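A.B. asks: Here you go, this is coords.txt (compact mmCIF, C-alpha atoms).
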# COMPACT_ATOMS: atom_id res chain seq x y z
CA MET A 1142 96.00 136.48 59.29
CA PHE A 1143 95.55 138.45 56.10
CA GLN A 1144 91.91 139.42 56.34
CA GLU A 1145 91.75 143.19 56.14
CA THR A 1146 89.04 144.55 58.37
CA LYS A 1147 88.63 148.06 59.67
CA SER A 1148 87.98 147.13 63.29
CA ARG A 1149 91.38 145.59 63.90
CA SER A 1150 94.06 147.68 65.52
CA TRP A 1151 97.37 148.61 63.90
CA ILE A 1152 99.33 146.17 66.06
CA SER A 1153 97.14 143.15 65.37
CA LYS A 1154 97.42 143.91 61.65
CA HIS A 1155 101.14 144.54 61.35
CA TRP A 1156 102.86 142.84 64.31
CA TRP A 1157 104.27 140.02 62.19
CA LYS A 1158 105.92 142.42 59.73
CA ALA A 1159 107.70 144.20 62.60
CA THR A 1160 108.61 140.89 64.24
CA GLY A 1161 110.03 139.52 60.99
CA SER A 1162 112.14 142.64 60.41
CA ILE A 1163 113.47 142.64 63.98
CA LEU A 1164 114.30 138.92 63.85
CA VAL A 1165 116.25 139.25 60.59
CA LEU A 1166 118.04 142.36 61.85
CA TYR A 1167 118.94 140.43 65.01
CA SER A 1168 120.24 137.55 62.91
CA ILE A 1169 122.46 139.94 60.91
CA ILE A 1170 123.97 141.51 64.04
CA ALA A 1171 124.22 138.37 66.18
CA GLY A 1172 125.12 136.28 63.17
CA LEU A 1173 128.17 138.40 62.35
CA LEU A 1174 129.31 139.10 65.90
CA GLY A 1175 128.28 136.00 67.83
CA GLU A 1176 130.39 133.03 68.81
CA VAL A 1177 130.70 130.31 66.18
CA PRO A 1178 132.44 126.94 66.38
CA VAL A 1179 135.99 126.95 65.03
CA LEU A 1180 135.92 124.48 62.15
CA PRO A 1181 138.45 123.58 59.45
CA ILE A 1182 137.67 124.53 55.81
CA LEU A 1183 134.62 126.56 56.83
CA HIS A 1184 136.38 129.09 59.08
CA GLU A 1185 134.21 132.22 59.38
CA SER A 1186 132.06 131.14 56.44
CA VAL A 1187 130.10 128.91 58.83
CA ARG A 1188 128.12 132.10 59.48
CA ASN A 1189 126.54 131.61 56.07
CA LEU A 1190 124.25 129.18 57.84
CA TYR A 1191 122.27 132.17 59.11
CA PHE A 1192 121.80 133.57 55.62
CA HIS A 1193 122.10 130.81 53.03
CA VAL A 1194 120.27 127.97 54.80
CA THR A 1195 117.48 130.28 55.98
CA MET A 1196 116.69 130.95 52.30
CA TRP A 1197 115.82 127.26 51.82
CA PHE A 1198 113.77 126.99 54.99
CA SER A 1199 111.76 130.09 54.18
CA MET A 1200 111.39 128.95 50.55
CA LEU A 1201 109.73 125.74 51.78
CA ALA A 1202 107.34 127.74 53.97
CA ILE A 1203 106.46 130.18 51.19
CA PHE A 1204 105.84 127.39 48.67
CA SER A 1205 103.59 125.76 51.29
CA TYR A 1206 101.55 128.97 51.43
CA SER A 1207 101.35 128.94 47.64
CA LEU A 1208 100.10 125.35 47.76
CA TYR A 1209 97.54 126.31 50.42
CA TYR A 1210 96.11 129.06 48.21
CA SER A 1211 96.04 126.80 45.17
CA ILE A 1212 94.03 124.18 47.07
CA LYS A 1213 91.79 126.94 48.39
CA TYR A 1214 91.24 128.19 44.85
CA LEU A 1215 90.25 124.73 43.63
CA SER A 1216 87.67 124.40 46.39
CA LYS A 1217 86.32 127.98 46.39
CA SER A 1218 87.10 129.28 42.85
CA ASN A 1219 87.88 132.72 44.23
CA ILE A 1220 90.28 134.58 41.91
CA LYS A 1221 91.86 136.22 44.98
CA ASP A 1222 93.33 132.85 45.97
CA ASP A 1223 94.80 132.37 42.50
CA ILE A 1224 96.54 135.75 42.74
CA ASN A 1225 97.91 134.83 46.18
CA ALA A 1226 99.13 131.44 44.96
CA GLU A 1227 101.01 133.06 42.07
CA LYS A 1228 102.63 135.78 44.16
CA PHE A 1229 103.70 133.36 46.89
CA ALA A 1230 105.20 131.06 44.25
CA ASN A 1231 107.12 134.05 42.83
CA THR A 1232 108.54 134.87 46.25
CA GLY A 1233 109.46 131.22 46.76
CA ILE A 1234 111.32 131.26 43.43
CA LEU A 1235 113.14 134.43 44.53
CA LEU A 1236 114.22 132.86 47.84
CA GLY A 1237 115.20 129.60 46.11
CA SER A 1238 117.25 131.43 43.47
CA LEU A 1239 119.02 133.40 46.19
CA GLY A 1240 119.68 130.07 47.92
CA VAL A 1241 121.23 128.60 44.77
CA VAL A 1242 123.38 131.68 44.07
CA THR A 1243 124.60 132.09 47.65
CA GLY A 1244 125.21 128.35 47.90
CA SER A 1245 127.25 128.49 44.70
CA LEU A 1246 129.41 131.29 46.09
CA TRP A 1247 129.89 129.45 49.37
CA ALA A 1248 130.77 126.23 47.51
CA ARG A 1249 133.44 128.08 45.50
CA PHE A 1250 135.37 128.95 48.65
CA THR A 1251 134.81 125.78 50.66
CA TRP A 1252 134.46 122.97 48.14
CA GLY A 1253 136.51 124.68 45.45
CA ALA A 1254 133.99 124.90 42.61
CA TRP A 1255 131.00 127.06 41.73
CA TRP A 1256 128.92 123.97 41.12
CA VAL A 1257 129.56 120.44 42.31
CA ASN A 1258 127.68 117.31 41.43
CA ASP A 1259 125.83 117.20 44.72
CA PRO A 1260 122.28 115.83 45.08
CA LYS A 1261 121.19 118.83 47.13
CA LEU A 1262 122.41 121.29 44.50
CA ASN A 1263 120.92 119.42 41.57
CA GLY A 1264 117.69 118.73 43.44
CA ALA A 1265 117.35 122.40 44.33
CA ALA A 1266 118.08 123.48 40.76
CA ILE A 1267 115.46 121.09 39.39
CA SER A 1268 112.91 122.35 41.92
CA ILE A 1269 113.48 125.94 40.87
CA LEU A 1270 113.07 124.92 37.22
CA ILE A 1271 109.78 123.18 38.08
CA TYR A 1272 108.50 126.43 39.56
CA PHE A 1273 109.77 128.39 36.54
CA ALA A 1274 107.58 126.08 34.50
CA TYR A 1275 104.67 127.01 36.77
CA VAL A 1276 105.17 130.70 35.96
CA VAL A 1277 105.51 130.01 32.22
CA LEU A 1278 102.44 127.77 32.22
CA ARG A 1279 100.36 130.30 34.11
CA ASN A 1280 101.36 133.15 31.81
CA SER A 1281 100.68 131.13 28.68
CA MET A 1282 96.91 131.19 29.19
CA ASP A 1283 94.59 134.13 28.73
CA GLU A 1284 91.29 132.88 29.96
CA GLU A 1285 91.18 133.78 33.61
CA GLN A 1286 89.33 130.88 35.25
CA LYS A 1287 91.00 128.26 33.11
CA ARG A 1288 94.44 129.72 33.79
CA ALA A 1289 93.77 129.77 37.52
CA LYS A 1290 92.55 126.19 37.54
CA VAL A 1291 95.40 124.74 35.48
CA ALA A 1292 97.98 126.73 37.47
CA ALA A 1293 96.50 125.53 40.76
CA VAL A 1294 96.60 121.88 39.69
CA TYR A 1295 100.17 122.26 38.42
CA ASN A 1296 101.17 123.99 41.65
CA ILE A 1297 100.13 120.96 43.70
CA PHE A 1298 102.13 118.79 41.32
CA ALA A 1299 105.13 121.15 41.55
CA PHE A 1300 105.06 121.18 45.34
CA VAL A 1301 105.14 117.40 45.56
CA LEU A 1302 107.99 117.22 43.02
CA MET A 1303 109.86 119.92 44.91
CA LEU A 1304 109.53 117.94 48.15
CA VAL A 1305 110.80 114.82 46.40
CA PHE A 1306 113.84 116.62 44.97
CA VAL A 1307 114.72 118.65 48.05
CA MET A 1308 113.71 116.36 50.89
CA VAL A 1309 113.66 112.78 49.59
CA TYR A 1310 116.25 112.53 46.80
CA PRO A 1311 119.28 113.72 48.87
CA ARG A 1312 118.34 111.22 51.60
CA LEU A 1313 118.51 108.16 49.34
CA ASN A 1314 121.22 105.72 50.30
CA GLN A 1315 122.83 105.61 46.88
CA VAL A 1316 123.58 109.33 46.70
CA ASP A 1317 126.34 111.07 48.58
CA SER A 1318 126.21 114.71 49.50
CA LEU A 1319 128.91 117.18 50.46
CA HIS A 1320 126.41 118.88 52.71
CA PRO A 1321 126.62 118.30 56.45
CA GLY A 1322 125.42 114.89 57.55
CA ASN A 1323 126.52 113.54 54.18
CA GLY A 1324 126.10 109.97 53.03
CA GLY A 1325 122.40 109.42 53.29
CA ASN A 1326 121.16 112.06 55.68
CA PRO A 1327 121.31 115.78 54.95
CA GLY A 1328 119.12 116.39 57.98
CA PHE A 1329 119.65 119.17 60.38
CA SER A 1330 120.08 117.35 63.64
CA SER A 1331 123.35 116.03 62.28
CA TYR A 1332 124.65 119.54 61.69
CA ASP A 1333 127.45 120.75 63.90
CA LEU A 1334 124.88 123.19 65.09
CA ASP A 1335 125.87 124.25 68.55
CA LYS A 1336 123.81 126.19 71.06
CA ASN A 1337 125.24 129.56 70.00
CA MET A 1338 124.19 128.99 66.40
CA ARG A 1339 120.71 127.69 67.15
CA VAL A 1340 119.66 130.87 68.95
CA VAL A 1341 120.48 132.86 65.82
CA PHE A 1342 119.44 130.37 63.14
CA TYR A 1343 115.85 129.61 64.17
CA PRO A 1344 114.85 133.26 64.72
CA ALA A 1345 116.42 134.04 61.34
CA VAL A 1346 114.28 131.38 59.62
CA LEU A 1347 111.13 132.73 61.28
CA GLY A 1348 112.05 136.29 60.34
CA TRP A 1349 112.67 135.45 56.69
CA ILE A 1350 109.38 133.54 56.49
CA MET A 1351 107.54 136.61 57.77
CA ILE A 1352 109.34 138.93 55.35
CA GLY A 1353 108.61 136.48 52.54
CA ILE A 1354 104.90 136.56 53.41
CA TRP A 1355 105.03 140.35 53.56
CA ILE A 1356 106.58 140.68 50.10
CA SER A 1357 104.15 138.15 48.62
CA ARG A 1358 101.16 139.89 50.16
CA LEU A 1359 102.25 143.31 48.90
CA SER A 1360 102.58 141.92 45.42
CA ALA A 1361 99.24 140.08 45.64
CA ARG A 1362 97.42 143.13 47.02
CA ALA A 1363 98.72 145.34 44.22
CA GLU A 1364 97.58 142.75 41.68
CA ALA A 1365 94.17 142.42 43.35
CA VAL A 1366 93.69 146.20 43.27
CA ALA A 1367 94.59 146.29 39.59
CA TYR A 1368 92.15 143.45 38.96
CA LYS A 1369 89.37 145.20 40.84
CA GLN A 1370 89.96 148.46 39.02
CA MET A 1371 89.84 146.62 35.70
CA THR A 1372 86.48 145.08 36.59
CA ILE A 1373 85.14 148.50 37.65
CA SER A 1374 86.38 150.33 34.58
CA THR A 1375 84.95 147.76 32.21
CA ASN A 1376 81.65 148.32 34.01
CA ASN A 1377 81.28 144.76 35.02
CA LYS A 1378 78.70 144.39 37.70
CA ILE A 1379 80.46 143.15 40.82
CA ASP A 1380 78.51 140.58 42.66
CA LYS A 1381 78.53 141.46 46.33
CA ASN A 1382 78.73 137.82 47.33
CA ASP A 1383 81.89 137.39 45.32
CA GLU A 1384 84.11 139.95 46.92
CA ILE A 1385 87.46 140.34 45.25
CA LEU A 1386 89.51 142.17 47.80
CA MET B 1084 159.11 107.77 87.63
CA LYS B 1085 159.44 105.48 84.72
CA SER B 1086 155.83 104.29 85.01
CA TYR B 1087 154.53 107.85 84.45
CA ASN B 1088 156.45 108.33 81.24
CA TRP B 1089 153.64 107.04 79.04
CA LEU B 1090 151.15 109.37 80.75
CA LEU B 1091 153.39 112.38 80.19
CA PHE B 1092 153.85 111.32 76.60
CA ILE B 1093 150.07 111.15 76.01
CA ILE B 1094 149.48 114.52 77.71
CA PHE B 1095 152.23 116.07 75.63
CA MET B 1096 150.74 114.63 72.44
CA LEU B 1097 147.29 115.92 73.34
CA ILE B 1098 148.62 119.44 74.01
CA GLN B 1099 150.48 119.35 70.72
CA ARG B 1100 147.38 118.21 68.84
CA ILE B 1101 145.21 120.94 70.39
CA GLY B 1102 147.87 123.47 69.47
CA ILE B 1103 147.87 122.30 65.87
CA ALA B 1104 144.09 122.35 65.70
CA GLN B 1105 143.90 125.91 66.96
CA GLY B 1106 146.82 127.16 64.96
CA THR B 1107 145.65 126.00 61.54
CA ILE B 1108 142.11 127.39 61.54
CA ASP B 1109 141.95 131.04 60.55
CA MET B 1110 139.11 133.05 61.98
CA ALA B 1111 138.65 136.76 61.39
CA GLU B 1112 140.49 137.78 64.53
CA THR B 1113 142.10 140.92 63.12
CA MET B 1114 138.78 142.32 61.90
CA ARG B 1115 137.32 141.75 65.33
CA SER B 1116 140.28 142.99 67.35
CA ASN B 1117 140.58 146.30 65.51
CA GLY B 1118 136.82 146.79 65.64
CA LYS B 1119 136.26 147.09 61.89
CA ILE B 1120 133.81 144.17 61.82
CA TYR B 1121 131.33 146.56 63.45
CA VAL B 1122 131.52 148.76 60.36
CA VAL B 1123 130.46 145.81 58.21
CA VAL B 1124 127.63 144.97 60.61
CA GLY B 1125 126.54 148.60 60.50
CA VAL B 1126 126.55 148.75 56.70
CA ILE B 1127 124.56 145.54 56.30
CA SER B 1128 122.07 146.64 58.98
CA ILE B 1129 121.54 150.00 57.27
CA ILE B 1130 120.95 148.34 53.90
CA PHE B 1131 118.48 145.90 55.44
CA LEU B 1132 116.64 148.67 57.30
CA GLY B 1133 116.50 150.68 54.06
CA ILE B 1134 114.78 147.77 52.33
CA ILE B 1135 112.35 147.40 55.26
CA ILE B 1136 111.50 151.13 55.14
CA TYR B 1137 110.88 150.77 51.41
CA LEU B 1138 108.52 147.83 52.09
CA ILE B 1139 106.67 149.85 54.77
CA ARG B 1140 106.16 152.75 52.36
CA LEU B 1141 105.01 150.39 49.63
CA ASP B 1142 102.60 148.78 52.09
CA GLY B 1143 101.14 152.19 52.96
CA LYS B 1144 100.83 153.15 49.31
CA ILE B 1145 98.96 149.95 48.43
CA SER B 1146 96.69 150.41 51.48
CA ARG B 1147 95.75 153.89 50.28
CA ILE B 1148 94.96 152.63 46.76
CA GLU B 1149 92.89 149.79 48.24
CA LYS B 1150 90.88 152.27 50.28
CA LYS B 1151 90.31 154.46 47.25
CA ILE B 1152 89.19 151.57 45.04
CA ASN B 1153 86.87 150.24 47.75
CA ASN B 1154 85.27 153.66 48.12
CA THR B 1155 84.61 154.04 44.40
CA ALA B 1156 83.24 150.51 44.20
CA GLU B 1157 80.58 151.21 46.80
If you took the structure in this file and wrote it as structure tokens, what would it be?
C.D. replies:
Amino acid sequence: MFQETKSRSWISKHWWKATGSILVLYSIIAGLLGEVPVLPILHESVRNLYFHVTMWFSMLAIFSYSLYYSIKYLSKSNIKDDINAEKFANTGILLGSLGVVTGSLWARFTWGAWWVNDPKLNGAAISILIYFAYVVLRNSMDEEQKRAKVAAVYNIFAFVLMLVFVMVYPRLNQVDSLHPGNGGNPGFSSYDLDKNMRVVFYPAVLGWIMIGIWISRLSARAEAVAYKQMTISTNNKIDKNDEIL
Amino acid sequence: MKSYNWLLFIIFMLIQRIGIAQGTIDMAETMRSNGKIYVVVGVISIIFLGIIIYLIRLDGKISRIEKKINNTAE
């Protein structure tokens, strides 16, 4: 998907960026104007589903990409994969932070407090902190290969922990959540998600995933260019078998 | 007549309940009826499109730098 070759046409290279933008734009228009179920407490704020919940779904996808690149780095030792893993993790942190902040605002006006002792909130907050630790750990090392290797190993660890805190912990029988499908199952099928909402929600998730990939790739490409220029300017001989870009 | 009384009572109760349910939940009807919700949709769409245009320009800029670096490397 991301291999840059000259022979490919403009459409085959950029279609997913356009699709992502159109899907999110559609979700903004249809999400604000479309029919929503009339529910107590939530009122019009049920529309936040299209914007707040999509942040979490796309965060999961982006962290999965980051994990993919980390595993790829460990098997191939190509510094390009390390750069991708870091930039995708950064985008995931951005989406997750937006999810926490928007969720907090939504909670204030539906549950009555900025932060409630809810397993989904705490699990999400812990997950974000785990990824903050990834960034700190990666930046704390200078030696390139060592930094990439340690960061990749930690990233696998972080992903598994994130899954436990976001997917497993809120589903335990002992914990109760204010989120829909509370009391054991925060799953989506239990949502009061009617047909009108599904046709906006799923395209919105797909759109945000594509935009997340786009942002991550832009950041990674800029970093890769800077890296390549550094290796040229320091007159390091670039091995043609080990292509950086 | 007397045997239908309970049925009428239940129907009346149901109508009353539906009325209560619809009356208590506020949706943004005024915003929609006077058309001003479209202004909000417009503003958010413009902001989003602005961000997308920024990303497109950034994409192009990085592509140009990549091309330049690749040419000097060869």
A.B. asks: Which is closer to chain B than all the others in A:Glu1176, A:Asp1335, A:Glu1185, A:Glu1285, using only C-alpha atoms?
C.D. replies: A:Glu1185
A.B. asks: Skip region 1206-1215 of chain A itself and residues of its chain fewer than 6 positions away, then list as a list of chain:residue names all residues within 9 Å of it, counting only C-alpha atoms.
C.D. replies: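 In the requested format, the answer is A:Lys1221, A:Asp1222, A:Asp1223, A:Ile1224, A:Asn1225, A:Ala1226, A:Glu1227, A:Lys1228, A:Phe1229, A:Ala1230, A:Gly1233, A:Ala1289, A:Lys1290, A:Ala1292, A:Ala1293, A:Val1294, A:Asn1296, A:Ile1297, A:Phe1300, A:Ile1354.
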A.B. asks: Enumerate as a short mmCIF file (atom, residue, chain, number, x, y, z; two decimals) with C-alpha atoms, keeping the file's coordinate frame the residues belonging to chain B that approach chain A to within 8 Å, with only C-alpha atoms taken into account.
C.D. replies:
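Once written, result.cif looks like this:
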data_model
loop_
_atom_site.label_atom_id
_atom_site.label_comp_id
_atom_site.auth_asym_id
_atom_site.auth_seq_id
_atom_site.Cartn_x
_atom_site.Cartn_y
_atom_site.Cartn_z
CA THR B 1107 145.65 126.00 61.54
CA ILE B 1108 142.11 127.39 61.54
CA ASP B 1109 141.95 131.04 60.55
CA MET B 1110 139.11 133.05 61.98
CA ALA B 1111 138.65 136.76 61.39
CA ILE B 1120 133.81 144.17 61.82
CA VAL B 1124 127.63 144.97 60.61
CA ILE B 1127 124.56 145.54 56.30
CA SER B 1128 122.07 146.64 58.98
CA PHE B 1131 118.48 145.90 55.44
CA LEU B 1132 116.64 148.67 57.30
CA ILE B 1135 112.35 147.40 55.26
CA LEU B 1138 108.52 147.83 52.09
CA LEU B 1141 105.01 150.39 49.63
CA ASP B 1142 102.60 148.78 52.09
CA ILE B 1145 98.96 149.95 48.43
CA ILE B 1148 94.96 152.63 46.76
CA GLU B 1149 92.89 149.79 48.24
CA ILE B 1152 89.19 151.57 45.04
CA ALA B 1156 83.24 150.51 44.20
#
A.B. asks: What is the CA of Leu1164 (chain A) to CA of Tyr1343 (chain A) distance in Å?
C.D. replies: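 These atoms are spaced 9.4 Å apart.
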A.B. asks: One decimal, in Å: what's the spacing between CA of His1193 (chain A) and CA of Gly1240 (chain A)?
C.D. replies: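 Distance reported for this atom pair: 5.7 Å.
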A.B. asks: Rounded to one decimal, what separation in Å do you get between CA of Met1308 (chain A) and CA of Leu1235 (chain A)?
C.D. replies: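 One can read the CA of Met1308 (chain A) to CA of Leu1235 (chain A) distance as 19.2 Å.
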